[in-house]
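These notes are about the structure you will find just below.
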Amino acid sequence: MDEFSRFARFPRAQLVPTQLNQVVETTLALYRDSTNGVRLRSELAADLPAIPADPTLLRRVLIN
């Protein structure tokens, strides 16, 4: 049970300066060709500063 618990634990965030728009756009790109006729549109603020975040974990949030 301890082994499963360690495996299932959410990974620790590795904070780095992250451009949120870039994370959103690269995540949306994963789905643009496989949306079965659904059109994806994004409206992102152009002047967002970099934020301390874990881009991999942010992608997981957006995918889920």
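Each chain in the structure tokens gets a letter, A, B and so on, in the order shown; residues start at 1 in every chain, and ligands are counted from 1 in the order they appear.
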task: Find the residues around Thr18 of chain A up to 9 Å (only C-alpha atoms counted), leave out those fewer than 2 positions away in its own chain, and share them as a PyMOL selection string.
output: chain A and resi 15-16+20-23+49-55
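For chain A, backbone-based DSSP labels the following residues as helix (DSSP H, G or I): Asp2, Glu3, Phe4, Ser5, Arg6, Phe7, Ala8, Leu20, Asn21, Gln22, Val23, Val24, Glu25, Thr26, Thr27, Leu28, Ala29, Pro55, Thr56, Leu57, Leu58, Arg59, Arg60, Val61, Leu62 and Ile63 of chain A.
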Shell around Leu28 of chain A at 9 Å using only C-alpha atoms, local window under 6 positions removed, as a ChimeraX atom specification: /A:40-42,62-63
message: Can you measure atom CA of Arg32 of chain A to atom CA of Leu48 of chain A for me? One decimal in Å is fine.
response: 23.3 Å
query: atom CA of Thr26 of chain A and atom CA of Arg9 of chain A are how many Å apart?
result: 25.4 Å
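Minimum atom-to-atom distances from A:Leu30, A:Val38, A:Val24, A:Ala46 to Leu58 of chain A were compared using only C-alpha atoms, and the lowest value belongs to A:Val24.
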query: Could you work out how far atom CA of Thr56 of chain A lies from atom CA of Asn36 of chain A, giving the answer in Å with one decimal?
result: 25.8 Å
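Taking only C-alpha atoms into account, Glu25 of chain A lies nearest to A:Leu44 out of the set A:Leu44, A:Pro11, A:Leu57, A:Asn64.
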